[in-house]
>>> print(open('structure-v4.txt').read())   # compact mmCIF, C-alpha atoms and all ligand atoms
# COMPACT_ATOMS: atom_id res chain seq x y z
CA MET A 961 21.90 1.54 -51.28
CA SER A 962 21.20 0.48 -54.86
CA PHE A 963 17.96 1.37 -56.60
CA LEU A 964 16.76 -2.25 -56.38
CA LYS A 965 17.33 -2.26 -52.62
CA LYS A 966 15.47 1.05 -52.26
CA VAL A 967 12.46 -0.29 -54.15
CA LEU A 968 12.48 -3.46 -52.05
CA PHE A 969 12.86 -1.45 -48.88
CA VAL A 970 9.69 0.51 -49.70
CA ILE A 971 7.78 -2.72 -50.46
CA MET A 972 9.01 -4.32 -47.23
CA GLY A 973 8.22 -1.15 -45.30
CA LEU A 974 4.64 -1.17 -46.55
CA SER A 975 4.14 -4.86 -45.89
CA LEU A 976 5.53 -4.57 -42.36
CA SER A 977 3.77 -1.34 -41.49
CA GLY A 978 2.22 -2.85 -38.36
CA CYS A 979 5.66 -3.01 -36.76
CA LEU A 980 7.46 -1.14 -34.05
CA ALA A 981 9.73 0.71 -36.50
CA PRO A 982 10.55 0.44 -40.18
CA VAL A 983 12.93 -2.44 -40.67
CA ASN A 984 15.33 -2.80 -43.56
CA ILE A 985 15.97 -6.52 -43.85
CA PHE A 986 19.00 -5.81 -46.05
CA ASN A 987 20.64 -3.69 -43.37
CA THR A 988 21.89 -6.71 -41.47
CA ALA A 989 23.78 -6.66 -38.19
CA SER A 990 24.60 -10.31 -37.88
CA PRO A 991 26.44 -12.93 -39.94
CA ILE A 992 23.30 -15.10 -39.77
CA ALA A 993 21.02 -12.45 -41.28
CA ALA A 994 23.76 -11.43 -43.74
CA ALA A 995 24.03 -14.98 -45.12
CA GLU A 996 20.25 -15.29 -45.38
CA SER A 997 19.91 -11.88 -46.98
CA ARG A 998 22.64 -12.71 -49.53
CA LEU A 999 20.83 -15.90 -50.55
CA PHE A 1000 17.57 -14.00 -50.83
CA GLN A 1001 19.16 -11.38 -53.09
CA ILE A 1002 20.74 -14.02 -55.35
CA ILE A 1003 17.38 -15.77 -55.73
CA LEU A 1004 15.68 -12.45 -56.37
CA VAL A 1005 18.11 -11.50 -59.14
CA MET A 1006 17.85 -14.97 -60.72
CA SER A 1007 14.03 -14.71 -60.65
CA LEU A 1008 14.22 -11.29 -62.22
CA VAL A 1009 16.41 -12.57 -65.06
CA VAL A 1010 14.04 -15.50 -65.70
CA PHE A 1011 11.07 -13.14 -65.61
CA LEU A 1012 12.67 -10.74 -68.11
CA ILE A 1013 13.69 -13.52 -70.51
CA VAL A 1014 10.35 -15.38 -70.41
CA ASP A 1015 8.04 -12.38 -70.42
CA GLY A 1016 10.31 -10.36 -72.71
CA GLY A 1017 10.23 -13.29 -75.16
CA LEU A 1018 6.47 -13.49 -74.90
CA VAL A 1019 5.99 -9.79 -75.60
CA PHE A 1020 8.49 -9.96 -78.48
CA ILE A 1021 6.64 -12.89 -80.08
CA LEU A 1022 3.25 -11.23 -79.59
CA ILE A 1023 4.45 -8.10 -81.33
CA ARG A 1024 6.34 -9.87 -84.10
CA ASN A 1025 3.42 -12.18 -84.93
CA ARG A 1026 0.61 -9.66 -84.46
CA SER A 1027 -2.19 -9.63 -86.99
CA ARG A 1028 -1.28 -7.51 -90.00
CA GLY A 1029 -4.31 -6.32 -91.97
CA ASP A 1030 -5.88 -9.04 -94.11
CA ASP A 1031 -2.86 -11.36 -94.06
CA GLN A 1032 -4.28 -14.49 -92.37
CA THR A 1033 -1.25 -16.78 -92.95
CA PRO A 1034 -0.25 -18.40 -89.63
CA PRO A 1035 3.36 -17.87 -88.52
CA ARG A 1036 5.92 -20.63 -88.94
CA GLN A 1037 5.09 -23.54 -86.57
CA VAL A 1038 7.95 -25.25 -84.70
CA TYR A 1039 7.63 -28.91 -83.64
CA GLU A 1040 10.05 -31.37 -82.04
CA ASN A 1041 13.04 -29.08 -82.00
CA ARG A 1042 15.48 -31.14 -79.91
CA LEU A 1043 17.84 -28.27 -79.27
CA LEU A 1044 15.09 -25.93 -77.99
CA GLU A 1045 13.65 -28.65 -75.75
CA ALA A 1046 17.06 -29.48 -74.34
CA ILE A 1047 17.64 -25.79 -73.56
CA TRP A 1048 14.32 -25.22 -71.77
CA THR A 1049 14.67 -28.43 -69.80
CA GLY A 1050 18.38 -28.02 -69.05
CA ILE A 1051 18.30 -24.40 -67.82
CA PRO A 1052 15.57 -24.93 -65.15
CA ILE A 1053 17.40 -28.05 -63.91
CA LEU A 1054 20.60 -26.03 -63.68
CA ILE A 1055 18.78 -23.25 -61.78
CA VAL A 1056 17.31 -25.73 -59.28
CA VAL A 1057 20.71 -27.38 -58.73
CA VAL A 1058 22.40 -24.00 -58.17
CA LEU A 1059 19.64 -22.94 -55.74
CA PHE A 1060 19.93 -26.24 -53.90
CA ILE A 1061 23.70 -25.87 -53.49
CA LEU A 1062 23.44 -22.24 -52.36
CA THR A 1063 20.63 -23.09 -49.91
CA VAL A 1064 22.52 -25.99 -48.34
CA ALA A 1065 25.65 -23.81 -48.05
CA THR A 1066 23.60 -21.06 -46.36
CA MET A 1067 21.95 -23.55 -43.99
CA ARG A 1068 25.38 -24.78 -42.97
CA ALA A 1069 26.64 -21.21 -42.51
CA VAL A 1070 23.76 -20.25 -40.19
CA ALA A 1071 23.45 -23.54 -38.24
CA ALA A 1072 23.61 -23.08 -34.48
CA PRO A 1073 27.06 -23.79 -33.02
CA VAL A 1074 27.40 -26.16 -30.06
CA ARG A 1075 26.51 -24.38 -26.80
CA SER A 1076 29.52 -23.43 -24.74
CA ALA A 1077 29.94 -22.11 -21.20
CA ASN A 1078 30.48 -18.50 -22.34
CA ASP A 1079 27.27 -18.37 -24.33
CA VAL A 1080 24.13 -16.64 -23.12
CA VAL A 1081 20.94 -18.71 -22.93
CA VAL A 1082 17.53 -17.03 -22.96
CA ASN A 1083 14.14 -18.68 -22.58
CA VAL A 1084 11.81 -16.75 -24.85
CA VAL A 1085 8.12 -17.11 -24.11
CA GLY A 1086 5.45 -15.73 -26.40
CA HIS A 1087 2.35 -14.33 -24.71
CA ARG A 1088 -0.66 -12.65 -26.24
CA TRP A 1089 0.75 -10.04 -26.89
CA TRP A 1090 4.22 -9.49 -25.53
CA TRP A 1091 7.52 -11.33 -25.18
CA GLU A 1092 9.02 -12.69 -21.98
CA PHE A 1093 12.81 -12.98 -21.81
CA ASP A 1094 14.11 -15.20 -19.04
CA TYR A 1095 17.88 -15.64 -18.55
CA PRO A 1096 18.06 -18.83 -16.46
CA GLY A 1097 21.85 -18.60 -16.02
CA LEU A 1098 21.63 -15.02 -14.74
CA GLY A 1099 18.35 -15.13 -12.82
CA ILE A 1100 16.84 -12.29 -14.86
CA LYS A 1101 13.28 -12.01 -16.12
CA THR A 1102 12.31 -9.15 -18.34
CA ALA A 1103 9.88 -8.32 -21.12
CA ASN A 1104 9.93 -6.99 -24.67
CA GLU A 1105 13.62 -6.02 -24.56
CA LEU A 1106 16.24 -8.68 -25.21
CA HIS A 1107 19.75 -7.63 -24.21
CA MET A 1108 22.78 -9.43 -25.57
CA PRO A 1109 26.51 -8.80 -25.60
CA VAL A 1110 28.18 -8.08 -28.94
CA GLY A 1111 30.22 -10.91 -30.49
CA THR A 1112 28.68 -13.56 -28.25
CA ASN A 1113 26.57 -16.57 -29.17
CA VAL A 1114 23.10 -16.29 -27.69
CA HIS A 1115 20.91 -19.38 -27.67
CA LEU A 1116 17.16 -18.92 -27.51
CA ASP A 1117 14.74 -21.62 -26.32
CA LEU A 1118 11.37 -20.57 -27.66
CA THR A 1119 7.96 -21.55 -26.45
CA SER A 1120 4.52 -20.01 -25.96
CA VAL A 1121 1.87 -20.06 -23.26
CA ASP A 1122 -1.13 -19.63 -25.53
CA VAL A 1123 -1.06 -19.73 -29.34
CA ILE A 1124 1.68 -20.03 -31.95
CA HIS A 1125 3.82 -16.91 -32.24
CA SER A 1126 6.93 -16.35 -34.32
CA PHE A 1127 10.07 -14.61 -33.10
CA TRP A 1128 11.60 -12.44 -35.82
CA PRO A 1129 14.39 -9.89 -35.45
CA PRO A 1130 14.90 -9.26 -39.22
CA GLN A 1131 18.31 -7.59 -39.01
CA LEU A 1132 19.69 -10.45 -36.92
CA SER A 1133 18.01 -13.66 -38.04
CA GLY A 1134 15.13 -15.37 -39.77
CA LYS A 1135 11.87 -16.35 -38.08
CA PHE A 1136 11.38 -19.13 -35.55
CA ASP A 1137 8.02 -20.26 -34.22
CA ALA A 1138 7.17 -20.15 -30.52
CA ILE A 1139 4.78 -23.07 -30.08
CA PRO A 1140 2.87 -24.00 -26.90
CA GLY A 1141 4.06 -27.27 -25.34
CA GLN A 1142 7.19 -27.39 -27.48
CA THR A 1143 10.65 -25.84 -27.31
CA ASN A 1144 12.23 -24.59 -30.53
CA THR A 1145 15.81 -23.46 -30.49
CA MET A 1146 17.51 -20.73 -32.46
CA TRP A 1147 20.62 -18.65 -31.98
CA LEU A 1148 21.66 -15.06 -32.43
CA THR A 1149 24.97 -13.34 -32.67
CA SER A 1150 25.74 -9.78 -33.66
CA ASP A 1151 28.91 -7.90 -34.38
CA VAL A 1152 27.36 -4.43 -34.38
CA VAL A 1153 26.28 -2.62 -31.21
CA GLY A 1154 22.80 -1.19 -31.65
CA GLU A 1155 19.08 -1.61 -31.10
CA TYR A 1156 17.18 -3.79 -33.52
CA PRO A 1157 13.41 -4.01 -33.78
CA GLY A 1158 11.70 -7.38 -33.87
CA GLN A 1159 8.16 -8.49 -34.49
CA CYS A 1160 5.89 -11.47 -33.99
CA ALA A 1161 5.61 -12.94 -37.48
CA GLU A 1162 2.77 -15.42 -37.01
CA PHE A 1163 -0.79 -14.12 -36.87
CA CYS A 1164 -1.82 -14.64 -33.25
CA GLY A 1165 -4.99 -12.65 -32.79
CA LEU A 1166 -6.24 -9.11 -32.41
CA GLN A 1167 -2.96 -7.50 -31.32
CA HIS A 1168 -0.54 -9.51 -33.47
CA ALA A 1169 0.78 -6.23 -34.90
CA HIS A 1170 1.48 -4.98 -31.37
CA MET A 1171 3.66 -7.90 -30.42
CA GLY A 1172 6.99 -6.29 -31.01
CA PHE A 1173 10.26 -6.34 -29.15
CA THR A 1174 13.70 -4.77 -29.27
CA VAL A 1175 17.03 -6.56 -29.32
CA VAL A 1176 19.68 -4.45 -27.62
CA VAL A 1177 23.17 -5.49 -28.69
CA GLU A 1178 25.66 -3.87 -26.36
CA SER A 1179 29.34 -4.03 -25.42
CA LYS A 1180 30.27 -6.80 -22.99
CA GLU A 1181 30.78 -4.23 -20.19
CA ASP A 1182 27.39 -2.64 -20.82
CA PHE A 1183 25.73 -6.04 -20.89
CA LEU A 1184 27.32 -7.02 -17.56
CA ALA A 1185 26.26 -3.69 -16.04
CA TRP A 1186 22.71 -4.21 -17.33
CA ALA A 1187 22.65 -7.79 -16.01
CA SER A 1188 23.87 -6.86 -12.56
CA ALA A 1189 21.28 -4.05 -12.32
CA GLN A 1190 18.53 -6.45 -13.43
CA GLN A 1191 19.60 -9.00 -10.82
CA GLN A 1192 18.83 -6.57 -7.98
CA ALA A 1193 15.51 -6.82 -6.20
CA ALA A 1194 13.29 -3.76 -6.50
CA ALA A 1195 14.42 -0.91 -4.24
CA GLN A 1196 12.15 0.05 -1.36
CA PRO A 1197 10.54 3.41 -2.16
CA GLU A 1198 11.38 6.27 0.21
CA GLU A 1199 8.76 8.80 -0.82
CA ALA A 1200 5.40 8.46 1.02
CA LEU A 1201 3.35 8.61 -2.19
CA ALA A 1202 5.46 5.86 -3.77
CA GLN A 1203 5.14 3.75 -0.62
CA GLN A 1204 1.39 4.09 -0.89
CA GLY A 1205 1.66 3.04 -4.53
CA GLN A 1206 3.78 0.03 -3.58
CA LYS A 1207 1.05 -1.13 -1.21
CA LEU A 1208 -1.60 -0.71 -3.91
CA VAL A 1209 0.44 -2.60 -6.49
CA THR A 1210 1.91 -5.41 -4.41
CA GLU A 1211 -1.15 -6.09 -2.28
CA GLY A 1212 -3.77 -5.38 -4.91
CA ILE A 1213 -4.95 -6.97 -8.10
CA CYS A 1214 -1.69 -6.15 -9.99
CA ALA A 1215 0.21 -8.78 -7.96
CA GLY A 1216 -2.05 -11.47 -9.37
CA CYS A 1217 -0.32 -11.19 -12.75
CA HIS A 1218 2.91 -9.24 -12.26
CA ALA A 1219 6.04 -10.06 -10.29
CA ILE A 1220 8.26 -7.48 -8.59
CA GLU A 1221 11.30 -9.13 -6.99
CA GLY A 1222 11.67 -8.34 -3.32
CA THR A 1223 7.91 -7.84 -2.81
CA ASN A 1224 4.86 -10.06 -2.47
CA ALA A 1225 3.97 -9.53 -6.10
CA LYS A 1226 4.74 -12.89 -7.69
CA GLY A 1227 2.27 -13.15 -10.58
CA MET A 1228 3.47 -14.95 -13.68
CA ASN A 1229 0.93 -14.04 -16.37
CA GLY A 1230 2.06 -10.51 -17.07
CA PRO A 1231 5.45 -8.88 -17.65
CA ASN A 1232 7.88 -8.82 -14.72
CA LEU A 1233 7.91 -5.22 -13.47
CA THR A 1234 10.98 -5.31 -11.19
CA HIS A 1235 12.94 -3.02 -13.52
CA LEU A 1236 10.09 -1.65 -15.61
CA TYR A 1237 11.72 1.75 -16.09
CA SER A 1238 14.88 0.22 -17.54
CA ARG A 1239 12.83 -0.56 -20.65
CA LYS A 1240 11.88 1.78 -23.48
CA ILE A 1241 8.59 0.26 -24.58
CA ILE A 1242 5.43 -1.05 -22.96
CA ALA A 1243 2.69 -3.44 -24.03
CA GLY A 1244 4.72 -5.32 -26.64
CA GLY A 1245 5.84 -2.10 -28.25
CA ALA A 1246 2.32 -0.66 -28.50
CA ALA A 1247 3.76 2.54 -27.01
CA PRO A 1248 7.07 3.98 -25.79
CA LEU A 1249 7.48 3.91 -22.03
CA THR A 1250 6.59 7.40 -20.87
CA GLU A 1251 4.67 8.45 -17.78
CA GLU A 1252 1.76 9.68 -19.95
CA ASN A 1253 1.53 6.38 -21.81
CA LEU A 1254 1.77 4.41 -18.59
CA ALA A 1255 -1.02 6.52 -17.07
CA ALA A 1256 -3.16 6.05 -20.19
CA TRP A 1257 -2.48 2.31 -20.05
CA LEU A 1258 -3.47 2.04 -16.40
CA ARG A 1259 -6.60 4.14 -16.89
CA ASP A 1260 -7.87 2.21 -19.89
CA SER A 1261 -5.52 -0.28 -21.52
CA GLU A 1262 -8.36 -1.48 -23.72
CA ALA A 1263 -8.30 1.86 -25.52
CA MET A 1264 -4.56 1.57 -26.17
CA LYS A 1265 -4.49 -2.12 -27.04
CA PRO A 1266 -7.94 -3.65 -27.52
CA GLY A 1267 -8.23 -7.27 -26.41
CA ASN A 1268 -5.23 -7.27 -24.06
CA LEU A 1269 -5.49 -9.48 -20.98
CA MET A 1270 -5.40 -6.49 -18.61
CA ALA A 1271 -8.31 -4.79 -20.35
CA ASN A 1272 -10.76 -5.31 -17.47
CA VAL A 1273 -8.39 -3.78 -14.90
CA ARG A 1274 -8.89 -0.03 -14.69
CA VAL A 1275 -6.95 1.92 -12.11
CA GLN A 1276 -9.08 4.53 -10.39
CA GLU A 1277 -8.02 8.11 -10.94
CA GLN A 1278 -7.42 8.69 -7.21
CA HIS A 1279 -4.91 5.80 -7.06
CA LEU A 1280 -3.05 6.75 -10.22
CA PRO A 1281 -0.51 9.28 -8.81
CA ALA A 1282 0.65 6.84 -6.10
CA ILE A 1283 0.93 3.89 -8.47
CA LEU A 1284 2.82 5.95 -11.05
CA ALA A 1285 5.12 7.28 -8.30
CA TYR A 1286 5.90 3.70 -7.27
CA LEU A 1287 6.40 2.42 -10.81
CA ARG A 1288 8.87 5.26 -11.38
CA THR A 1289 11.09 3.78 -8.66
CA LEU A 1290 11.30 0.44 -10.52
CA LYS A 1291 14.42 1.36 -12.46
CU1 LIG A 1301 2.25 -13.23 -31.57
CU2 LIG A 1301 1.62 -12.65 -33.75
>>> encode(input="structure-v4.txt", output="structure tokens")
Amino acid sequence: MSFLKKVLFVIMGLSLSGCLAPVNIFNTASPIAAAESRLFQIILVMSLVVFLIVDGGLVFILIRNRSRGDDQTPPRQVYENRLLEAIWTGIPILIVVVLFILTVATMRAVAAPVRSANDVVVNVVGHRWWWEFDYPGLGIKTANELHMPVGTNVHLDLTSVDVIHSFWPPQLSGKFDAIPGQTNTMWLTSDVVGEYPGQCAEFCGLQHAHMGFTVVVESKEDFLAWASAQQQAAAQPEEALAQQGQKLVTEGICAGCHAIEGTNAKGMNGPNLTHLYSRKIIAGGAAPLTEENLAAWLRDSEAMKPGNLMANVRVQEQHLPAILAYLRTLK
């Protein structure tokens, strides 16, 4: 990494410090993000050169023409110098033309290809404050973790159920708004297996900073294995405690907002919990998925994520072990 990139990385890191994990926008994992990042770096270098020439010239002139003792003679005045005027008109025009050409070329390079039968389509729905990922072709609904096969075109149809959000996985693509009552489309493709953090990039209220997600780019085999596991209905718990928990969850207040396939829980407002434990984060990335965090969330989610829609639901301590035992079975 060059020095310039390191400096920029620190600036970006500071300005994105509300995120799931530090993101280096220059460490791209997709031809889309790579093309956008390249354009950004070219513009940055051009701006730097202009800045150095203009401000360097200014400083030079200020020093050269500084007041020297009692000598009050004004410096030589320059008027109507055709050559100078042509230069400072011509260069900016040239810069704008070059930027225009590079921008159009980049737009063409990152334009979404026509959808084909082998592509993956995902409906992405922004909620305050988490992301719903619905694969209509595969019958999978999940939250906060977008899985995609490497080297495949993935088309996203973005919308929102409440306010305007913005879907941004920096290492894979630029930002696209998720707007209520409207469907925006974008596409992703990645040639590097890995996990890439993403973040809501449009201020959407109290927990905007905790509206993160992860994009998991995996081999085609791993993706198919993940998809077939996600397509299964939730397994019936065998342990008595977990069975008790299942009753509490699927017949209680939880079912009003959460769905668990294969049970009576069919709520739509909250994340689908059928395979909760296949995910690594909860609450839009507010915390990693661990039993302690889940317990803390169920006891008092308001403390973990003030303003969240589940804040007025507090699981009683005596019900907690059974509910946690059941949730553990949702792999
Ligand atoms: Cu959603 Cu910011």
>>> atom_distance(input="structure-v4.txt", atom1="atom CA of Leu1059 of chain A", atom2="atom CA of Phe1136 of chain A")
22.1 Å
>>> atom_distance(input="structure-v4.txt", atom1="atom CA of Tyr1286 of chain A", atom2="atom CA of Arg1239 of chain A")
15.7 Å
>>> closest_atom_pairs(input="structure-v4.txt", of="chain A", to="ligand LIG 1301 (chain A)", cutoff="12 Å", atoms="all atoms listed in the file", output="JSON lines")
{"residue": "A:Gly978", "atom": "CA", "partner": "A:LIG1301", "partner_atom": "CU2", "distance": 10.8}
{"residue": "A:Cys979", "atom": "CA", "partner": "A:LIG1301", "partner_atom": "CU2", "distance": 10.9}
{"residue": "A:Val1085", "atom": "CA", "partner": "A:LIG1301", "partner_atom": "CU1", "distance": 10.3}
{"residue": "A:Gly1086", "atom": "CA", "partner": "A:LIG1301", "partner_atom": "CU1", "distance": 6.6}
{"residue": "A:His1087", "atom": "CA", "partner": "A:LIG1301", "partner_atom": "CU1", "distance": 6.9}
{"residue": "A:Arg1088", "atom": "CA", "partner": "A:LIG1301", "partner_atom": "CU1", "distance": 6.1}
{"residue": "A:Trp1089", "atom": "CA", "partner": "A:LIG1301", "partner_atom": "CU1", "distance": 5.9}
{"residue": "A:Trp1090", "atom": "CA", "partner": "A:LIG1301", "partner_atom": "CU1", "distance": 7.4}
{"residue": "A:Trp1091", "atom": "CA", "partner": "A:LIG1301", "partner_atom": "CU1", "distance": 8.5}
{"residue": "A:Glu1092", "atom": "CA", "partner": "A:LIG1301", "partner_atom": "CU1", "distance": 11.8}
{"residue": "A:Thr1119", "atom": "CA", "partner": "A:LIG1301", "partner_atom": "CU1", "distance": 11.3}
{"residue": "A:Ser1120", "atom": "CA", "partner": "A:LIG1301", "partner_atom": "CU1", "distance": 9.1}
{"residue": "A:Val1121", "atom": "CA", "partner": "A:LIG1301", "partner_atom": "CU1", "distance": 10.8}
{"residue": "A:Asp1122", "atom": "CA", "partner": "A:LIG1301", "partner_atom": "CU1", "distance": 9.4}
{"residue": "A:Val1123", "atom": "CA", "partner": "A:LIG1301", "partner_atom": "CU1", "distance": 7.6}
{"residue": "A:Ile1124", "atom": "CA", "partner": "A:LIG1301", "partner_atom": "CU1", "distance": 6.8}
{"residue": "A:His1125", "atom": "CA", "partner": "A:LIG1301", "partner_atom": "CU1", "distance": 4.1}
{"residue": "A:Ser1126", "atom": "CA", "partner": "A:LIG1301", "partner_atom": "CU1", "distance": 6.3}
{"residue": "A:Phe1127", "atom": "CA", "partner": "A:LIG1301", "partner_atom": "CU1", "distance": 8.1}
{"residue": "A:Trp1128", "atom": "CA", "partner": "A:LIG1301", "partner_atom": "CU2", "distance": 10.2}
{"residue": "A:Lys1135", "atom": "CA", "partner": "A:LIG1301", "partner_atom": "CU2", "distance": 11.7}
{"residue": "A:Phe1136", "atom": "CA", "partner": "A:LIG1301", "partner_atom": "CU1", "distance": 11.6}
{"residue": "A:Asp1137", "atom": "CA", "partner": "A:LIG1301", "partner_atom": "CU1", "distance": 9.5}
{"residue": "A:Ala1138", "atom": "CA", "partner": "A:LIG1301", "partner_atom": "CU1", "distance": 8.6}
{"residue": "A:Ile1139", "atom": "CA", "partner": "A:LIG1301", "partner_atom": "CU1", "distance": 10.3}
{"residue": "A:Pro1140", "atom": "CA", "partner": "A:LIG1301", "partner_atom": "CU1", "distance": 11.8}
{"residue": "A:Gly1158", "atom": "CA", "partner": "A:LIG1301", "partner_atom": "CU1", "distance": 11.3}
{"residue": "A:Gln1159", "atom": "CA", "partner": "A:LIG1301", "partner_atom": "CU2", "distance": 7.8}
{"residue": "A:Cys1160", "atom": "CA", "partner": "A:LIG1301", "partner_atom": "CU2", "distance": 4.4}
{"residue": "A:Ala1161", "atom": "CA", "partner": "A:LIG1301", "partner_atom": "CU2", "distance": 5.5}
{"residue": "A:Glu1162", "atom": "CA", "partner": "A:LIG1301", "partner_atom": "CU2", "distance": 4.4}
{"residue": "A:Phe1163", "atom": "CA", "partner": "A:LIG1301", "partner_atom": "CU2", "distance": 4.2}
{"residue": "A:Cys1164", "atom": "CA", "partner": "A:LIG1301", "partner_atom": "CU2", "distance": 4.0}
{"residue": "A:Gly1165", "atom": "CA", "partner": "A:LIG1301", "partner_atom": "CU2", "distance": 6.7}
{"residue": "A:Leu1166", "atom": "CA", "partner": "A:LIG1301", "partner_atom": "CU2", "distance": 8.7}
{"residue": "A:Gln1167", "atom": "CA", "partner": "A:LIG1301", "partner_atom": "CU2", "distance": 7.3}
{"residue": "A:His1168", "atom": "CA", "partner": "A:LIG1301", "partner_atom": "CU2", "distance": 3.8}
{"residue": "A:Ala1169", "atom": "CA", "partner": "A:LIG1301", "partner_atom": "CU2", "distance": 6.6}
{"residue": "A:His1170", "atom": "CA", "partner": "A:LIG1301", "partner_atom": "CU2", "distance": 8.0}
{"residue": "A:Met1171", "atom": "CA", "partner": "A:LIG1301", "partner_atom": "CU1", "distance": 5.6}
{"residue": "A:Gly1172", "atom": "CA", "partner": "A:LIG1301", "partner_atom": "CU1", "distance": 8.4}
{"residue": "A:Phe1173", "atom": "CA", "partner": "A:LIG1301", "partner_atom": "CU1", "distance": 10.8}
{"residue": "A:Gly1244", "atom": "CA", "partner": "A:LIG1301", "partner_atom": "CU1", "distance": 9.6}
>>> residues_around(input="structure-v4.txt", residues="Thr988 of chain A", least_positions_apart="3", cutoff="7 Å", atoms="all atoms listed in the file", output="list of chain:residue names")
A:Ile985, A:Ala993, A:Ala994, A:Gln1131, A:Leu1132
>>> residues_around(input="structure-v4.txt", residues="Gly1212 of chain A", least_positions_apart="6", cutoff="12 Å", atoms="all atoms listed in the file", output="short mmCIF file (atom, residue, chain, number, x, y, z; two decimals) with C-alpha atoms, in the frame of the given file")
data_model
loop_
_atom_site.label_atom_id
_atom_site.label_comp_id
_atom_site.auth_asym_id
_atom_site.auth_seq_id
_atom_site.Cartn_x
_atom_site.Cartn_y
_atom_site.Cartn_z
CA GLN A 1204 1.39 4.09 -0.89
CA GLY A 1205 1.66 3.04 -4.53
CA GLN A 1206 3.78 0.03 -3.58
CA HIS A 1218 2.91 -9.24 -12.26
CA ASN A 1224 4.86 -10.06 -2.47
CA ALA A 1225 3.97 -9.53 -6.10
CA LYS A 1226 4.74 -12.89 -7.69
CA GLY A 1227 2.27 -13.15 -10.58
CA VAL A 1273 -8.39 -3.78 -14.90
CA VAL A 1275 -6.95 1.92 -12.11
CA HIS A 1279 -4.91 5.80 -7.06
CA ILE A 1283 0.93 3.89 -8.47
#
>>> closest_residue(input="structure-v4.txt", among="A:Thr1149, A:Ser1007, A:Asn984, A:Gln1032", to="Pro1052 of chain A", atoms="all atoms listed in the file")
A:Ser1007
>>> residues_around(input="structure-v4.txt", residues="Pro991 of chain A", least_positions_apart="6", cutoff="10 Å", atoms="all atoms listed in the file", output="ChimeraX atom specification")
/A:997,1069-1070,1131-1133,1148-1151
>>> closest_residue(input="structure-v4.txt", among="A:Leu1287, A:Val1074, A:Ala1103, A:Ile1220", to="Ala1193 of chain A", atoms="all atoms listed in the file")
A:Ile1220
>>> atom_distance(input="structure-v4.txt", atom1="atom CA of Gln1190 of chain A", atom2="atom CA of Thr1102 of chain A")
8.4 Å
>>> residues_around(input="structure-v4.txt", residues="Phe1093 of chain A", least_positions_apart="4", cutoff="9 Å", atoms="only C-alpha atoms", output="list in words")
Val1082, Asn1083, Val1084, Val1085, Ile1100, Lys1101, Thr1102, Ala1103, Asn1104, Glu1105 and Leu1106 of chain A
>>> closest_residue(input="structure-v4.txt", among="A:Val1005, A:Ile1242, A:Val1057, A:Leu1284", to="Val1209 of chain A", atoms="all atoms listed in the file")
A:Leu1284
>>> closest_residue(input="structure-v4.txt", among="A:Leu1118, A:Ala1046, A:Ile992, A:Leu1290", to="Ser1238 of chain A", atoms="all atoms listed in the file")
A:Leu1290
>>> closest_residue(input="structure-v4.txt", among="A:Met1264, A:Val1056, A:Met1067, A:Met1228", to="Ala1247 of chain A", atoms="only C-alpha atoms")
A:Met1264
>>> closest_residue(input="structure-v4.txt", among="A:Glu1040, A:Thr1174, A:Gly1099, A:Ile1003", to="Gly1245 of chain A", atoms="only C-alpha atoms")
A:Thr1174
